[in-house]
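Following: one structure in structure tokens, then a few remarks.
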Amino acid sequence: MMRRGRKVLAWVVGIFVLLIILIILFIALFDWNRLKPTINEKVSEAIGRPFAINGDLSAHWSREPGEDGLVSLIPWPHFTALDISVANPDWAKTKQFATLQSLQFRLSPFPLISHRIVVPEIRLGQPNIDLERVKNGNNTWTFKMPESTGPSEWQLELNAIVFDKGHIDFNDATNQIAMGIDVTPLSKGIPFDEIMAQQEKDSRAQANKTNGATAKTMAKSGADEKDRQDETKKKQVYLFAWDAKGTYKKSTVEAKAKTGGVLALRDANRPFPVQADARFGDTHIAFVGTLTDPLNVGALDIRLWFSGTSMSHLYDLTGITLPDTPPFATEGHLKANLKKGASVFTYENFTGKVGGSDLGGSLTFNTGGQRPSLTGKLKSNQLLFSDLAPLIGGGSNAEKNERGDSVKQPDDKVIPVEPFKTDRWNAMDADVEFTGVHIVHGDRLPVDNLYTHLTMKNAVLTLDPLKFGVASGTVGSNIHVDGSTTPMKGTFNMGARHLKLKELFPKLAPGDTTLGELNGDASLTAVGNSPAALLGSSNGEIKLLINDGAISSSLLELAGLNVGSYAVNKLFGDETVKINCMAADLVATNGDMDSKLFAFDTEKALINVTGDIDFKSEKLNLDIVPHTKGFRLFSLRSPLYVHGTMKNPSVGVHPGPLILRGGGAIALAVFAAPVAALAALAVPESGKADATQCKPLLDDLKSAPPKAPPPGKTQAQANAGQKK
């Protein structure tokens with residue numbers, strides 16, 4: 001019985017060995033070209049378009065390198081097919097989707113027993129690929145596979161792709177891309193640290209050229225050293241060079257890149273080294289790092305550099321809505337978890353420069369949900385106030401031209417007319433905090449710092465709060481702008497508290513005078529898609545109060561208020577004059593700011609300002625009437641006017657009987673109605689400041705703050721609607 005069992009086992013082993021030998025002989029000796037018609041037919045049916053092996057099809061046996069023990073002695077079948085073509089759909093511009101000089105792959109024999117076809121790698125020899133997408137969304141890289149009739153007994157596992165010198169044409173009518181890409185093997189591999197050092201040098205040179213950013217400015221976060229010391233990245237070697245040229249949305253595109261040679265498809269932990277240096281129009285983008293798990297769209301871990309003339313130009317490339325800015329440059333670490341419809345990008349600990357301001361922080365862009373979202377915190381240690389101008393369409397036409405703005409500022413207008421890009425606001429949501437630690441604005445405006453919390457949801461932009469530190473006080477506001485409507489609707493609430501006048505005018509403050517402070521509130525609503533349109537349609541109120549201050553023409557010249565300095569010079573000369581109190585109660589109706597009460601009580605005179613400012617036309621219509629105290633006839637000045645436009649104001653002296661310069665005339669008109677309106681603010685001629693004289697208006701600011709009607713309505717229309 002034992003002997004019989006041994007015979008059976010011997011026969012089984014013998015048959016098995018014989019079967020292996022026959023398979024080996026079959027694969028080695030069989031003319032595989034006889035199977036080409038069948039293979040071409042079956043593959044064509046599977047992919048839904050013509051497939052052909054036009055050259056030789058052969059196979060041979062070879063032991064698998066890297067295996068140990070008995071497994072290393074077992075040969076694997078290696079297959080080679082020459083001159084392969086895959087056709088394009090009939091609607092495509094070119095006939096062939098891909099042509100290959102050769103295709104090589106090998107099979108792992110043992111998994112075949114369990115109906116698994118395992119291909120460790122497939123080698124593509126000199127691929128030439130044409131990728132095309134038309135406006136209706138049809139593309140050449142999506143194959144129409146036959147519907148499955150049930151689960152297959154066989155499973156295919158393709159682990160990696162190795163490629164050779166080749167060319168790729170990419171034409172996408174949907175995204176307006178036309179690109180030609182050449183792929184060339186490098187003469188020798190380049191290690192990661194060399195690639196990183198060279199890219200860092202080139203990108204920082206570009207950043208310096210774009211906006212003067214220095215290596216010291218860019219490297220404050222230490223992200224460069226972290227990337228250099230990454231053990232996984234340090235092991236990477238770059239073997240292929242990519243050279244791309246073309247157009248993107250009518251902008252010229254030039255890019256050079258380097259990658260590894262083997263793209264792992266199934267090993268999610270096997271990194272694929274990538275590097276690129278690209279210019280899209282006036283924007284420069286570069287990165288060095290790794291891509292992993294490309295079969296599942298993958299993950300990126302790269303060092304990233306950006307620079308360009310305006311951050312808003314990144315929208316077409318990234319889909320991220322960013323504001324207009326001066327020329328910028330940043331660098332940082334980007335980690336991306338790439339999943340179709342739910343990718344998450346984190347640009348962490350980046351540093352850089354925007355205009356003359358430094359900028360740093362971390363941002364996360366999540367493409368999942370109803371719409372993408374941008375979250376994060378930004379910080380500028382030294383912020384130039386002038387760098388904020390592009391946010392509201394400000395700056396000279398030369399600066400606008402540099403950043404590619406199509407709407408130029410009219411020569412006769414001061415308020416920016418450039419529309420906000422509200423069409424982009426619905427492309428994403430946002431929740432970002434920004435802190436400006438120190439703001440630089442010369443001597444004219446002592447703005448110390450800035451903080452704002454920006455949110456955007458369903459195209460509604462909110463800045464709450466938007467807070468400035470000014471002259472040891474604060475100017476706080478909350479802004480709510482609805483960009484989902486045309487024109488957009490805005491609500492603006494602002495408050496100034498405890499602004500020290502001595503800090504507003506530090507150079508010319510009289511040493512023997514204790515300067516007081518400015519307080520005020522404003523509430524406005526408006527409709528319009530630009531700052532000019534918003535101010536030109538504004539409705540609401542502004543209330544301001546100054547007590548115990550000082551004024552002179554030189555002071556106002558220092559502040560840049562040339563019209564005001566002219567008026568003060570005509571009233572008082574160039575001497576510094578004490579202000580006991582200044583009160584302003586202004587009402588805006590459809591962009592016309594009317595002076596309900598605007599008066600100064602100085603040590604020498606009561607000054608009343610009447611008239612209006614039309615923000616829609618930017619026209620000024622103001623009269624400044626002085627009422628001298630104590631009947632000092634020789635100190636009387638004539639009423640002034642400020643007419644013309646904000647861009648070109650016309651300031652002068654009213655002619656007529658109020659010009660009293662002598663002759664003993666008694667100016668009874670000085671004590672007319674305007675004085676009565678200021679009775680609560682009057683002080684003795686001695687000019688000593690008394691804060692209690694301003695208390696009535698201060699109490700009014702607290703008890704009856706400015707109010708504004710709904711956007712698009714005047715206060716009268718709002719009141720009429722309430723009565724109904």
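Going through the structure tokens in order, the chains are called A, B, and so on, while each chain numbers its residues from 1 and the ligands are numbered from 1 in the order shown.
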DSSP on the backbone, then: every residue of range 99-346 of chain A marked helix (DSSP H, G or I), written as an MDAnalysis selection string. chainID A and resid 110:114 192:211 215:218 223:228 231:234 294:296 311:318
Identify, with DSSP run on backbone atoms, the residues in range 37-174 of chain A assigned to strand (DSSP E or B), and express the list as a PyMOL selection string. chain A and resi 51-53+57-63+75-87+96-106+116-119+122-125+128-133+139+155-158+160-163+166-172
In Å, rounded to a single decimal, give me how far CA of Ile542 in chain A is from CA of Asn493 in chain A.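 So the answer is 9.8 Å.
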Do you know which residues are at most 12 Å from range 96-103 of chain A counting only C-alpha atoms, after dropping those on the same chain fewer than 3 positions away, and could you put them as a ChimeraX atom specification? /A:49-59,78-93,106,121-132,139-143,161-170
Could you list, with a cut-off of 7 Å and counting only C-alpha atoms, the residues of range 259-285 of chain A near range 308-316 of chain A, each shown with its nearest atom pair and the distance in Å rounded to one decimal, rows sorted by chain and ascending number, as CSV?
residue,atom,partner,partner_atom,distance
A:Asp282,CA,A:Gly308,CA,5.7
A:Thr283,CA,A:Gly308,CA,4.3
A:His284,CA,A:Gly308,CA,6.0
With a distance cut-off of 10 Å and only C-alpha atoms, select the neighbouring residues of range 612-622 of chain A, excluding the residue or stretch itself and same-chain residues fewer than 6 positions from it, and output the selection as a VMD selection string. chain A and resid 412 to 415 532 to 538 586 to 596 640 to 651
List the neighbours of Thr602 in chain A out to 6 Å using only C-alpha atoms; skip same-chain residues closer than 3 positions along the sequence, and give me the result as a PyMOL selection string. chain A and resi 578-580+605
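Proximity of A:Thr217, A:Asn397, A:Asn449, A:Thr259 to Ile195 in chain A, computed with only C-alpha atoms, is greatest for A:Thr259.
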Coordinates-based distance that separates CA of Phe345 in chain A from CA of Leu378 in chain A (Å, one decimal):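 Going from CA of Leu378 in chain A over to CA of Phe345 in chain A covers 16.1 Å.
Going from CA of Met218 in chain A to CA of Phe272 in chain A covers 26.6 Å.
Comparing A:Val527, A:Leu499, A:Leu518, A:Leu317 by their smallest distance to Cys581 in chain A, the closest is A:Leu518 (using only C-alpha atoms).
You can rank A:Lys408, A:His453, A:His627, A:Lys258 by their closest distance to Val183 in chain A using only C-alpha atoms, and at the top of that list sits A:Lys258.
Using only C-alpha atoms, the protein and nucleic acid residues lying no more than 12 Å from Asp429 in chain A, apart from those fewer than 6 places from it along its own chain, are Gly319, Ile320, Thr321, Leu322, Thr364, Phe365, Asn366, Thr367, Gly368, Gly369, Gln370, Arg371, Pro372, Ser373, Leu374, Thr375, Leu454, Thr455, Met456, Lys457, Asn458, Ala459, Val460, Leu461 and Thr462 of chain A.
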Give me the residues within 10 Å of range 705-707 of chain A as a PyMOL selection string, counting only C-alpha atoms and dropping any in the same chain fewer than 5 places off. chain A and resi 493-495+520-525+539-543+585-587+699-700+715
